[in-house]
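Undergrad: To be precise about what I am sending: the file is called work_10.cif and holds mmCIF, N, CA and C atoms.
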data_final
#
loop_
_atom_site.label_atom_id
_atom_site.label_comp_id
_atom_site.auth_asym_id
_atom_site.auth_seq_id
_atom_site.Cartn_x
_atom_site.Cartn_y
_atom_site.Cartn_z
N MET E 1 33.94 76.99 89.20
CA MET E 1 33.14 76.03 88.47
C MET E 1 33.72 75.81 87.08
N ALA E 2 33.76 74.57 86.69
CA ALA E 2 34.19 74.22 85.33
C ALA E 2 32.95 74.02 84.47
N VAL E 3 33.10 74.26 83.18
CA VAL E 3 32.03 74.03 82.22
C VAL E 3 32.42 72.83 81.38
N LEU E 4 31.49 71.89 81.28
CA LEU E 4 31.75 70.72 80.45
C LEU E 4 30.56 70.45 79.56
N TYR E 5 30.81 69.69 78.51
CA TYR E 5 29.77 69.31 77.56
C TYR E 5 29.74 67.80 77.48
N LEU E 6 28.53 67.26 77.56
CA LEU E 6 28.31 65.82 77.47
C LEU E 6 27.41 65.52 76.29
N SER E 7 27.64 64.38 75.67
CA SER E 7 26.78 63.85 74.62
C SER E 7 26.06 62.64 75.21
N LEU E 8 24.75 62.56 75.00
CA LEU E 8 23.95 61.45 75.50
C LEU E 8 23.27 60.76 74.34
N GLY E 9 23.23 59.43 74.37
CA GLY E 9 22.56 58.67 73.33
C GLY E 9 21.94 57.41 73.89
N THR E 10 20.87 56.96 73.26
CA THR E 10 20.18 55.75 73.66
C THR E 10 19.43 55.16 72.47
N ASN E 11 19.44 53.82 72.37
CA ASN E 11 18.66 53.19 71.31
C ASN E 11 17.92 51.94 71.79
N LEU E 12 17.76 51.80 73.10
CA LEU E 12 17.02 50.67 73.66
C LEU E 12 15.97 51.16 74.65
N GLY E 13 14.85 50.46 74.71
CA GLY E 13 13.82 50.77 75.70
C GLY E 13 13.10 52.07 75.40
N ASP E 14 12.62 52.72 76.45
CA ASP E 14 11.95 54.01 76.34
C ASP E 14 13.03 55.08 76.22
N ARG E 15 13.41 55.35 75.00
CA ARG E 15 14.58 56.19 74.74
C ARG E 15 14.45 57.59 75.34
N ARG E 16 13.30 58.21 75.19
CA ARG E 16 13.12 59.57 75.73
C ARG E 16 13.25 59.55 77.26
N SER E 17 12.65 58.55 77.88
CA SER E 17 12.75 58.41 79.34
C SER E 17 14.19 58.14 79.76
N ASN E 18 14.92 57.36 78.97
CA ASN E 18 16.33 57.10 79.27
C ASN E 18 17.13 58.41 79.32
N LEU E 19 16.89 59.30 78.35
CA LEU E 19 17.60 60.57 78.33
C LEU E 19 17.21 61.43 79.54
N GLU E 20 15.91 61.44 79.87
CA GLU E 20 15.45 62.22 81.03
C GLU E 20 16.07 61.68 82.31
N THR E 21 16.11 60.36 82.45
CA THR E 21 16.69 59.75 83.65
C THR E 21 18.18 60.07 83.74
N ALA E 22 18.89 59.98 82.63
CA ALA E 22 20.32 60.30 82.62
C ALA E 22 20.53 61.76 83.03
N CYS E 23 19.71 62.67 82.53
CA CYS E 23 19.84 64.08 82.89
C CYS E 23 19.58 64.30 84.38
N THR E 24 18.62 63.59 84.92
CA THR E 24 18.34 63.69 86.36
C THR E 24 19.56 63.24 87.16
N HIS E 25 20.16 62.13 86.76
CA HIS E 25 21.38 61.65 87.43
C HIS E 25 22.53 62.64 87.27
N ILE E 26 22.70 63.18 86.08
CA ILE E 26 23.79 64.14 85.84
C ILE E 26 23.61 65.35 86.75
N ALA E 27 22.38 65.84 86.85
CA ALA E 27 22.12 67.01 87.69
C ALA E 27 22.40 66.74 89.17
N SER E 28 22.18 65.51 89.61
CA SER E 28 22.40 65.22 91.03
C SER E 28 23.82 64.72 91.33
N GLU E 29 24.52 64.19 90.33
CA GLU E 29 25.81 63.56 90.60
C GLU E 29 27.01 64.22 89.93
N VAL E 30 26.75 65.06 88.93
CA VAL E 30 27.86 65.68 88.20
C VAL E 30 27.87 67.20 88.40
N GLY E 31 26.74 67.84 88.17
CA GLY E 31 26.67 69.29 88.31
C GLY E 31 25.37 69.84 87.78
N THR E 32 25.31 71.15 87.66
CA THR E 32 24.10 71.83 87.21
C THR E 32 24.04 71.85 85.69
N ILE E 33 22.95 71.33 85.14
CA ILE E 33 22.73 71.42 83.69
C ILE E 33 22.24 72.82 83.39
N VAL E 34 23.06 73.59 82.66
CA VAL E 34 22.70 74.97 82.36
C VAL E 34 22.03 75.12 81.00
N SER E 35 22.22 74.14 80.13
CA SER E 35 21.48 74.13 78.86
C SER E 35 21.49 72.72 78.30
N ALA E 36 20.45 72.46 77.52
CA ALA E 36 20.29 71.15 76.88
C ALA E 36 19.80 71.36 75.46
N SER E 37 20.31 70.57 74.55
CA SER E 37 19.89 70.66 73.16
C SER E 37 18.53 69.99 72.97
N ASP E 38 18.02 70.15 71.78
CA ASP E 38 16.88 69.35 71.36
C ASP E 38 17.33 67.90 71.26
N ILE E 39 16.39 67.00 71.26
CA ILE E 39 16.67 65.57 71.05
C ILE E 39 16.54 65.30 69.56
N ILE E 40 17.55 64.64 68.99
CA ILE E 40 17.49 64.29 67.57
C ILE E 40 17.51 62.77 67.43
N GLU E 41 16.96 62.28 66.34
CA GLU E 41 16.97 60.85 66.06
C GLU E 41 17.99 60.58 64.96
N THR E 42 18.84 59.58 65.18
CA THR E 42 19.91 59.28 64.24
C THR E 42 20.06 57.77 64.07
N GLU E 43 20.71 57.41 63.00
CA GLU E 43 21.03 56.01 62.75
C GLU E 43 22.26 55.61 63.56
N PRO E 44 22.42 54.33 63.86
CA PRO E 44 23.61 53.88 64.58
C PRO E 44 24.88 54.26 63.83
N TRP E 45 25.93 54.55 64.58
CA TRP E 45 27.23 54.92 64.02
C TRP E 45 28.24 53.88 64.47
N GLY E 46 28.94 53.28 63.51
CA GLY E 46 30.00 52.34 63.83
C GLY E 46 29.56 50.90 63.99
N PHE E 47 28.24 50.63 63.85
CA PHE E 47 27.73 49.27 63.92
C PHE E 47 26.34 49.22 63.30
N ASP E 48 25.90 48.02 62.97
CA ASP E 48 24.58 47.83 62.39
C ASP E 48 23.57 47.48 63.48
N SER E 49 22.41 48.14 63.41
CA SER E 49 21.32 47.86 64.32
C SER E 49 20.03 48.34 63.68
N SER E 50 18.94 47.69 64.00
CA SER E 50 17.63 48.15 63.52
C SER E 50 17.05 49.20 64.46
N ASN E 51 17.72 49.49 65.56
CA ASN E 51 17.25 50.46 66.54
C ASN E 51 17.92 51.81 66.33
N SER E 52 17.13 52.83 66.01
CA SER E 52 17.71 54.16 65.86
C SER E 52 17.95 54.79 67.23
N PHE E 53 18.80 55.80 67.25
CA PHE E 53 19.19 56.47 68.49
C PHE E 53 18.42 57.76 68.68
N LEU E 54 18.23 58.13 69.93
CA LEU E 54 17.92 59.50 70.31
C LEU E 54 19.18 60.05 70.94
N ASN E 55 19.56 61.26 70.51
CA ASN E 55 20.79 61.89 70.99
C ASN E 55 20.51 63.33 71.42
N MET E 56 21.31 63.79 72.36
CA MET E 56 21.26 65.18 72.80
C MET E 56 22.60 65.55 73.40
N ALA E 57 22.77 66.84 73.66
CA ALA E 57 23.97 67.33 74.34
C ALA E 57 23.53 68.22 75.49
N VAL E 58 24.35 68.24 76.54
CA VAL E 58 24.08 69.12 77.68
C VAL E 58 25.36 69.86 78.06
N LYS E 59 25.15 71.08 78.53
CA LYS E 59 26.22 71.90 79.09
C LYS E 59 26.04 71.85 80.60
N VAL E 60 27.12 71.54 81.32
CA VAL E 60 27.05 71.34 82.76
C VAL E 60 28.12 72.17 83.45
N GLU E 61 27.75 72.79 84.57
CA GLU E 61 28.72 73.44 85.45
C GLU E 61 28.99 72.48 86.59
N THR E 62 30.27 72.26 86.90
CA THR E 62 30.63 71.25 87.90
C THR E 62 31.84 71.68 88.72
N THR E 63 31.95 71.09 89.89
CA THR E 63 33.15 71.24 90.71
C THR E 63 34.03 70.01 90.59
N LEU E 64 33.55 68.99 89.88
CA LEU E 64 34.32 67.75 89.71
C LEU E 64 35.47 67.96 88.73
N GLN E 65 36.53 67.20 88.92
CA GLN E 65 37.65 67.16 87.98
C GLN E 65 37.28 66.22 86.82
N PRO E 66 37.99 66.32 85.68
CA PRO E 66 37.62 65.51 84.51
C PRO E 66 37.49 64.00 84.78
N LEU E 67 38.45 63.40 85.46
CA LEU E 67 38.36 61.96 85.71
C LEU E 67 37.20 61.63 86.64
N ASP E 68 36.88 62.54 87.57
CA ASP E 68 35.73 62.33 88.44
C ASP E 68 34.43 62.40 87.64
N VAL E 69 34.38 63.30 86.64
CA VAL E 69 33.22 63.36 85.75
C VAL E 69 33.08 62.04 84.99
N LEU E 70 34.19 61.56 84.45
CA LEU E 70 34.17 60.29 83.72
C LEU E 70 33.63 59.17 84.60
N HIS E 71 34.16 59.06 85.81
CA HIS E 71 33.73 57.99 86.71
C HIS E 71 32.26 58.14 87.09
N ALA E 72 31.81 59.37 87.30
CA ALA E 72 30.40 59.61 87.65
C ALA E 72 29.48 59.23 86.49
N THR E 73 29.86 59.59 85.26
CA THR E 73 29.00 59.26 84.11
C THR E 73 29.02 57.75 83.84
N GLN E 74 30.15 57.11 84.05
CA GLN E 74 30.19 55.65 83.89
C GLN E 74 29.32 54.97 84.94
N ASP E 75 29.30 55.52 86.14
CA ASP E 75 28.46 54.98 87.21
C ASP E 75 26.97 55.15 86.84
N ILE E 76 26.62 56.30 86.28
CA ILE E 76 25.24 56.53 85.83
C ILE E 76 24.86 55.50 84.77
N GLU E 77 25.76 55.27 83.80
CA GLU E 77 25.50 54.26 82.77
C GLU E 77 25.23 52.89 83.39
N ARG E 78 26.06 52.51 84.35
CA ARG E 78 25.87 51.21 85.02
C ARG E 78 24.54 51.16 85.77
N LYS E 79 24.21 52.22 86.50
CA LYS E 79 22.94 52.28 87.24
C LYS E 79 21.76 52.11 86.31
N MET E 80 21.91 52.60 85.08
CA MET E 80 20.81 52.54 84.12
C MET E 80 20.81 51.24 83.32
N GLY E 81 21.75 50.34 83.61
CA GLY E 81 21.73 49.03 82.98
C GLY E 81 22.78 48.76 81.93
N ARG E 82 23.71 49.67 81.75
CA ARG E 82 24.76 49.45 80.76
C ARG E 82 25.93 48.74 81.43
N SER E 83 26.34 47.63 80.86
CA SER E 83 27.40 46.85 81.50
C SER E 83 28.77 47.11 80.89
N GLU E 84 28.84 47.38 79.60
CA GLU E 84 30.13 47.62 78.96
C GLU E 84 29.96 48.53 77.77
N LYS E 85 31.03 49.22 77.41
CA LYS E 85 30.99 50.16 76.29
C LYS E 85 30.93 49.45 74.94
N THR E 86 31.68 48.37 74.81
CA THR E 86 31.72 47.63 73.55
C THR E 86 31.71 46.14 73.85
N MET E 87 31.46 45.36 72.80
CA MET E 87 31.57 43.92 72.92
C MET E 87 32.58 43.47 71.88
N ASN E 88 33.67 42.88 72.33
CA ASN E 88 34.76 42.44 71.45
C ASN E 88 35.26 43.59 70.57
N GLY E 89 35.34 44.79 71.17
CA GLY E 89 35.84 45.94 70.44
C GLY E 89 34.84 46.58 69.50
N GLN E 90 33.61 46.09 69.45
CA GLN E 90 32.59 46.62 68.55
C GLN E 90 31.50 47.33 69.36
N TYR E 91 31.00 48.44 68.79
CA TYR E 91 29.87 49.12 69.41
C TYR E 91 28.65 48.22 69.35
N LYS E 92 27.70 48.47 70.26
CA LYS E 92 26.47 47.69 70.28
C LYS E 92 25.33 48.56 70.80
N ASP E 93 24.11 48.03 70.70
CA ASP E 93 22.95 48.74 71.23
C ASP E 93 23.17 49.08 72.69
N ARG E 94 22.56 50.18 73.13
CA ARG E 94 22.77 50.59 74.52
C ARG E 94 21.58 51.36 75.07
N VAL E 95 21.35 51.15 76.35
CA VAL E 95 20.27 51.86 77.03
C VAL E 95 20.65 53.32 77.25
N ILE E 96 21.95 53.56 77.47
CA ILE E 96 22.45 54.94 77.60
C ILE E 96 23.94 54.96 77.30
N ASP E 97 24.37 56.05 76.70
CA ASP E 97 25.78 56.31 76.45
C ASP E 97 26.00 57.77 76.80
N ILE E 98 26.96 58.03 77.66
CA ILE E 98 27.29 59.40 78.05
C ILE E 98 28.77 59.61 77.76
N ASP E 99 29.06 60.54 76.87
CA ASP E 99 30.45 60.83 76.51
C ASP E 99 30.82 62.24 76.95
N LEU E 100 31.97 62.36 77.57
CA LEU E 100 32.52 63.66 77.95
C LEU E 100 33.20 64.24 76.71
N LEU E 101 32.63 65.33 76.19
CA LEU E 101 33.14 65.92 74.96
C LEU E 101 34.25 66.92 75.23
N MET E 102 33.96 67.88 76.11
CA MET E 102 34.91 68.94 76.42
C MET E 102 34.76 69.32 77.89
N TYR E 103 35.87 69.77 78.48
CA TYR E 103 35.90 70.22 79.87
C TYR E 103 36.74 71.49 79.90
N ASP E 104 36.08 72.64 80.07
CA ASP E 104 36.77 73.94 79.99
C ASP E 104 37.71 73.93 78.78
N ASP E 105 38.93 74.39 78.97
CA ASP E 105 39.92 74.39 77.88
C ASP E 105 40.92 73.26 78.05
N VAL E 106 40.56 72.26 78.83
CA VAL E 106 41.46 71.16 79.14
C VAL E 106 41.73 70.32 77.90
N VAL E 107 42.98 70.02 77.67
CA VAL E 107 43.40 69.05 76.67
C VAL E 107 44.09 67.94 77.46
N MET E 108 43.58 66.72 77.28
CA MET E 108 44.04 65.61 78.11
C MET E 108 44.06 64.35 77.24
N ASN E 109 45.13 63.58 77.35
CA ASN E 109 45.20 62.34 76.59
C ASN E 109 45.86 61.28 77.47
N THR E 110 45.02 60.50 78.14
CA THR E 110 45.50 59.42 79.00
C THR E 110 44.84 58.13 78.52
N PRO E 111 45.30 56.99 78.98
CA PRO E 111 44.65 55.74 78.59
C PRO E 111 43.17 55.70 79.00
N GLU E 112 42.82 56.44 80.04
CA GLU E 112 41.44 56.40 80.53
C GLU E 112 40.54 57.47 79.91
N LEU E 113 41.10 58.61 79.56
CA LEU E 113 40.28 59.73 79.09
C LEU E 113 41.04 60.62 78.13
N THR E 114 40.37 60.97 77.03
CA THR E 114 40.90 61.94 76.08
C THR E 114 39.90 63.08 75.96
N ILE E 115 40.38 64.31 76.17
CA ILE E 115 39.56 65.51 76.03
C ILE E 115 40.33 66.49 75.15
N PRO E 116 39.69 67.12 74.18
CA PRO E 116 38.34 66.90 73.71
C PRO E 116 38.15 65.47 73.17
N HIS E 117 36.90 65.04 73.15
CA HIS E 117 36.59 63.70 72.67
C HIS E 117 37.18 63.52 71.27
N PRO E 118 37.95 62.46 71.04
CA PRO E 118 38.69 62.34 69.78
C PRO E 118 37.83 62.15 68.53
N HIS E 119 36.60 61.71 68.67
CA HIS E 119 35.77 61.44 67.48
C HIS E 119 34.59 62.40 67.34
N MET E 120 34.49 63.38 68.20
CA MET E 120 33.28 64.21 68.22
C MET E 120 33.03 64.92 66.89
N PHE E 121 34.07 65.40 66.23
CA PHE E 121 33.88 66.16 65.00
C PHE E 121 33.46 65.28 63.82
N GLN E 122 33.59 63.96 63.96
CA GLN E 122 33.20 63.03 62.90
C GLN E 122 31.75 62.56 63.04
N ARG E 123 31.08 62.97 64.10
CA ARG E 123 29.77 62.41 64.42
C ARG E 123 28.69 63.49 64.40
N ARG E 124 27.80 63.40 63.42
CA ARG E 124 26.69 64.34 63.33
C ARG E 124 25.84 64.30 64.58
N PHE E 125 25.66 63.10 65.16
CA PHE E 125 24.81 62.96 66.34
C PHE E 125 25.40 63.65 67.56
N VAL E 126 26.67 64.01 67.50
CA VAL E 126 27.30 64.81 68.55
C VAL E 126 27.28 66.28 68.17
N MET E 127 27.71 66.59 66.96
CA MET E 127 27.92 67.97 66.56
C MET E 127 26.62 68.76 66.38
N GLU E 128 25.58 68.13 65.87
CA GLU E 128 24.32 68.85 65.66
C GLU E 128 23.72 69.32 67.00
N PRO E 129 23.59 68.44 67.99
CA PRO E 129 23.09 68.94 69.28
C PRO E 129 24.06 69.92 69.96
N LEU E 130 25.36 69.67 69.86
CA LEU E 130 26.34 70.56 70.47
C LEU E 130 26.26 71.95 69.87
N ALA E 131 26.04 72.03 68.57
CA ALA E 131 25.94 73.34 67.89
C ALA E 131 24.76 74.14 68.41
N GLN E 132 23.71 73.49 68.88
CA GLN E 132 22.56 74.20 69.42
C GLN E 132 22.89 74.91 70.74
N ILE E 133 23.73 74.29 71.57
CA ILE E 133 24.00 74.86 72.90
C ILE E 133 25.35 75.55 72.98
N ALA E 134 26.23 75.33 72.01
CA ALA E 134 27.56 75.95 72.01
C ALA E 134 28.04 76.20 70.60
N PRO E 135 27.33 77.04 69.84
CA PRO E 135 27.73 77.27 68.45
C PRO E 135 29.14 77.82 68.32
N GLU E 136 29.60 78.55 69.32
CA GLU E 136 30.96 79.12 69.26
C GLU E 136 32.03 78.03 69.29
N LEU E 137 31.72 76.88 69.85
CA LEU E 137 32.68 75.75 69.89
C LEU E 137 32.70 74.99 68.58
N VAL E 138 31.56 74.92 67.93
CA VAL E 138 31.42 74.12 66.72
C VAL E 138 31.88 74.89 65.49
N ASN E 139 31.68 76.19 65.48
CA ASN E 139 31.97 76.99 64.29
C ASN E 139 33.37 77.58 64.29
N ASN E 140 34.18 77.22 65.28
CA ASN E 140 35.56 77.75 65.31
C ASN E 140 36.53 76.79 64.69
#
What is this file in structure tokens?
TA:
Amino acid sequence: MAVLYLSLGTNLGDRRSNLETACTHIASEVGTIVSASDIIETEPWGFDSSNSFLNMAVKVETTLQPLDVLHATQDIERKMGRSEKTMNGQYKDRVIDIDLLMYDDVVMNTPELTIPHPHMFQRRFVMEPLAQIAPELVNN
């Protein structure tokens, strides 16, 4: 089993329900959620919006390979109503966003996937929840 960390965010609709639905999909399609952070509320990052985000992080045990995890989480996003990550290269409001932060000790840099996530250390909405479930990763 591999251990991976995901960041989840939402700023449209019933945000708390969106996170719960995403976690249900992750548990059935990606792997076992072994821990989940508290949900925090944050301002949008990288774009302007009047809708604040709810964010959390989860630790998952999986048999999937990294690209399979990426494809599964993208499929979950689509099922939940997300059509694209950005519009004209700009971030926008979203019903759900699931980012693969880390996968075991894998370091990967392909056009499709970079692990560890290249911007995670710049984002409080990622690091604060991650520190709750994996302080040893954040404080090293």
Undergrad: Near segment 51-63 of chain E, within 8 Å and counting only N, CA and C atoms, which residues show up once chain neighbours fewer than 3 positions away are dropped, as JSON, numbers by chain?
TA: {"E": [1, 2, 3, 4, 5, 6, 7, 8, 9, 10, 11, 12, 15, 16, 19, 26, 30, 31, 32, 33, 34, 35, 36, 37, 38, 39, 40, 41, 42, 43, 44, 45, 48, 66, 69, 93, 125, 126, 128, 129, 130, 131, 133, 134]}
Undergrad: Under the rule that only C-alpha atoms are counted, which of E:Asn18, E:Leu70, E:Asn109, E:Val138 is the nearest residue to Gln122 of chain E?
TA: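 Nearest candidate to Gln122 of chain E out of E:Asn18, E:Leu70, E:Asn109, E:Val138: E:Val138.
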Undergrad: Just give me the gap between atom CA of Gln74 of chain E and atom C of Asp97 of chain E in Å, one decimal is fine.
TA: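 Distance reported for this atom pair: 8.5 Å.
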Undergrad: Of the candidates E:Gly81, E:Pro116, E:Pro111, E:Pro135, which shows the shortest atom-to-atom distance to Val95 of chain E, using only C-alpha atoms?
TA: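 Looking at the shortest contact to Val95 of chain E, the residue is E:Gly81.
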Undergrad: For Asp68 of chain E, which residue among E:Thr110, E:Cys23, E:Asp105, E:Glu29 is the nearest when counting all atoms listed in the file?
TA: E:Glu29
Undergrad: Under the rule that only C-alpha atoms are counted, which of E:Arg124, E:Lys79, E:His117, E:His71 is the nearest residue to Ile96 of chain E?
TA: E:Lys79
Undergrad: What separation in Å, quoted to one decimal, exists between atom CA of His119 of chain E and atom CA of Arg78 of chain E?
TA: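 Separation of atom CA of His119 of chain E and atom CA of Arg78 of chain E: 22.6 Å.
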Undergrad: Rounded to one decimal in Å, what is the spacing between atom N of Ile115 of chain E and atom C of Ser49 of chain E?
TA: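 Taking atom N of Ile115 of chain E as the start and atom C of Ser49 of chain E as the end point, the length is 28.7 Å.
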Undergrad: Would you please extract all helix (DSSP H, G or I) residues from segment 14-90 of chain E, as assigned by DSSP on the backbone, and give them as an mmCIF file with N, CA and C atoms, keeping the file's coordinate frame?
TA:
data_model
loop_
_atom_site.group_PDB
_atom_site.id
_atom_site.type_symbol
_atom_site.label_atom_id
_atom_site.label_comp_id
_atom_site.auth_asym_id
_atom_site.auth_seq_id
_atom_site.Cartn_x
_atom_site.Cartn_y
_atom_site.Cartn_z
ATOM 1 N N ARG E 15 13.410 55.350 75.000
ATOM 2 C CA ARG E 15 14.580 56.190 74.740
ATOM 3 C C ARG E 15 14.450 57.590 75.340
ATOM 4 N N ARG E 16 13.300 58.210 75.190
ATOM 5 C CA ARG E 16 13.120 59.570 75.730
ATOM 6 C C ARG E 16 13.250 59.550 77.260
ATOM 7 N N SER E 17 12.650 58.550 77.880
ATOM 8 C CA SER E 17 12.750 58.410 79.340
ATOM 9 C C SER E 17 14.190 58.140 79.760
ATOM 10 N N ASN E 18 14.920 57.360 78.970
ATOM 11 C CA ASN E 18 16.330 57.100 79.270
ATOM 12 C C ASN E 18 17.130 58.410 79.320
ATOM 13 N N LEU E 19 16.890 59.300 78.350
ATOM 14 C CA LEU E 19 17.600 60.570 78.330
ATOM 15 C C LEU E 19 17.210 61.430 79.540
ATOM 16 N N GLU E 20 15.910 61.440 79.870
ATOM 17 C CA GLU E 20 15.450 62.220 81.030
ATOM 18 C C GLU E 20 16.070 61.680 82.310
ATOM 19 N N THR E 21 16.110 60.360 82.450
ATOM 20 C CA THR E 21 16.690 59.750 83.650
ATOM 21 C C THR E 21 18.180 60.070 83.740
ATOM 22 N N ALA E 22 18.890 59.980 82.630
ATOM 23 C CA ALA E 22 20.320 60.300 82.620
ATOM 24 C C ALA E 22 20.530 61.760 83.030
ATOM 25 N N CYS E 23 19.710 62.670 82.530
ATOM 26 C CA CYS E 23 19.840 64.080 82.890
ATOM 27 C C CYS E 23 19.580 64.300 84.380
ATOM 28 N N THR E 24 18.620 63.590 84.920
ATOM 29 C CA THR E 24 18.340 63.690 86.360
ATOM 30 C C THR E 24 19.560 63.240 87.160
ATOM 31 N N HIS E 25 20.160 62.130 86.760
ATOM 32 C CA HIS E 25 21.380 61.650 87.430
ATOM 33 C C HIS E 25 22.530 62.640 87.270
ATOM 34 N N ILE E 26 22.700 63.180 86.080
ATOM 35 C CA ILE E 26 23.790 64.140 85.840
ATOM 36 C C ILE E 26 23.610 65.350 86.750
ATOM 37 N N ALA E 27 22.380 65.840 86.850
ATOM 38 C CA ALA E 27 22.120 67.010 87.690
ATOM 39 C C ALA E 27 22.400 66.740 89.170
ATOM 40 N N SER E 28 22.180 65.510 89.610
ATOM 41 C CA SER E 28 22.400 65.220 91.030
ATOM 42 C C SER E 28 23.820 64.720 91.330
ATOM 43 N N GLU E 29 24.520 64.190 90.330
ATOM 44 C CA GLU E 29 25.810 63.560 90.600
ATOM 45 C C GLU E 29 27.010 64.220 89.930
ATOM 46 N N PRO E 66 37.990 66.320 85.680
ATOM 47 C CA PRO E 66 37.620 65.510 84.510
ATOM 48 C C PRO E 66 37.490 64.000 84.780
ATOM 49 N N LEU E 67 38.450 63.400 85.460
ATOM 50 C CA LEU E 67 38.360 61.960 85.710
ATOM 51 C C LEU E 67 37.200 61.630 86.640
ATOM 52 N N ASP E 68 36.880 62.540 87.570
ATOM 53 C CA ASP E 68 35.730 62.330 88.440
ATOM 54 C C ASP E 68 34.430 62.400 87.640
ATOM 55 N N VAL E 69 34.380 63.300 86.640
ATOM 56 C CA VAL E 69 33.220 63.360 85.750
ATOM 57 C C VAL E 69 33.080 62.040 84.990
ATOM 58 N N LEU E 70 34.190 61.560 84.450
ATOM 59 C CA LEU E 70 34.170 60.290 83.720
ATOM 60 C C LEU E 70 33.630 59.170 84.600
ATOM 61 N N HIS E 71 34.160 59.060 85.810
ATOM 62 C CA HIS E 71 33.730 57.990 86.710
ATOM 63 C C HIS E 71 32.260 58.140 87.090
ATOM 64 N N ALA E 72 31.810 59.370 87.300
ATOM 65 C CA ALA E 72 30.400 59.610 87.650
ATOM 66 C C ALA E 72 29.480 59.230 86.490
ATOM 67 N N THR E 73 29.860 59.590 85.260
ATOM 68 C CA THR E 73 29.000 59.260 84.110
ATOM 69 C C THR E 73 29.020 57.750 83.840
ATOM 70 N N GLN E 74 30.150 57.110 84.050
ATOM 71 C CA GLN E 74 30.190 55.650 83.890
ATOM 72 C C GLN E 74 29.320 54.970 84.940
ATOM 73 N N ASP E 75 29.300 55.520 86.140
ATOM 74 C CA ASP E 75 28.460 54.980 87.210
ATOM 75 C C ASP E 75 26.970 55.150 86.840
ATOM 76 N N ILE E 76 26.620 56.300 86.280
ATOM 77 C CA ILE E 76 25.240 56.530 85.830
ATOM 78 C C ILE E 76 24.860 55.500 84.770
ATOM 79 N N GLU E 77 25.760 55.270 83.800
ATOM 80 C CA GLU E 77 25.500 54.260 82.770
ATOM 81 C C GLU E 77 25.230 52.890 83.390
ATOM 82 N N ARG E 78 26.060 52.510 84.350
ATOM 83 C CA ARG E 78 25.870 51.210 85.020
ATOM 84 C C ARG E 78 24.540 51.160 85.770
ATOM 85 N N LYS E 79 24.210 52.220 86.500
ATOM 86 C CA LYS E 79 22.940 52.280 87.240
ATOM 87 C C LYS E 79 21.760 52.110 86.310
#
Undergrad: Nearest residue to Arg123 of chain E out of E:Glu77, E:Leu101, E:Gly13, E:Thr24, using only C-alpha atoms?
TA: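 Result for the nearest residue to Arg123 of chain E: E:Leu101.
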Undergrad: Which parts of chain E does DSSP call strand (DSSP E) when run on the backbone here, written out as JSON, numbers by chain?
TA: {"E": [2, 3, 4, 5, 6, 7, 8, 9, 10, 32, 33, 34, 35, 36, 40, 41, 42, 53, 54, 55, 56, 57, 58, 59, 60, 61, 62, 97, 98, 99, 100, 101, 102, 103, 108, 109, 114, 115]}
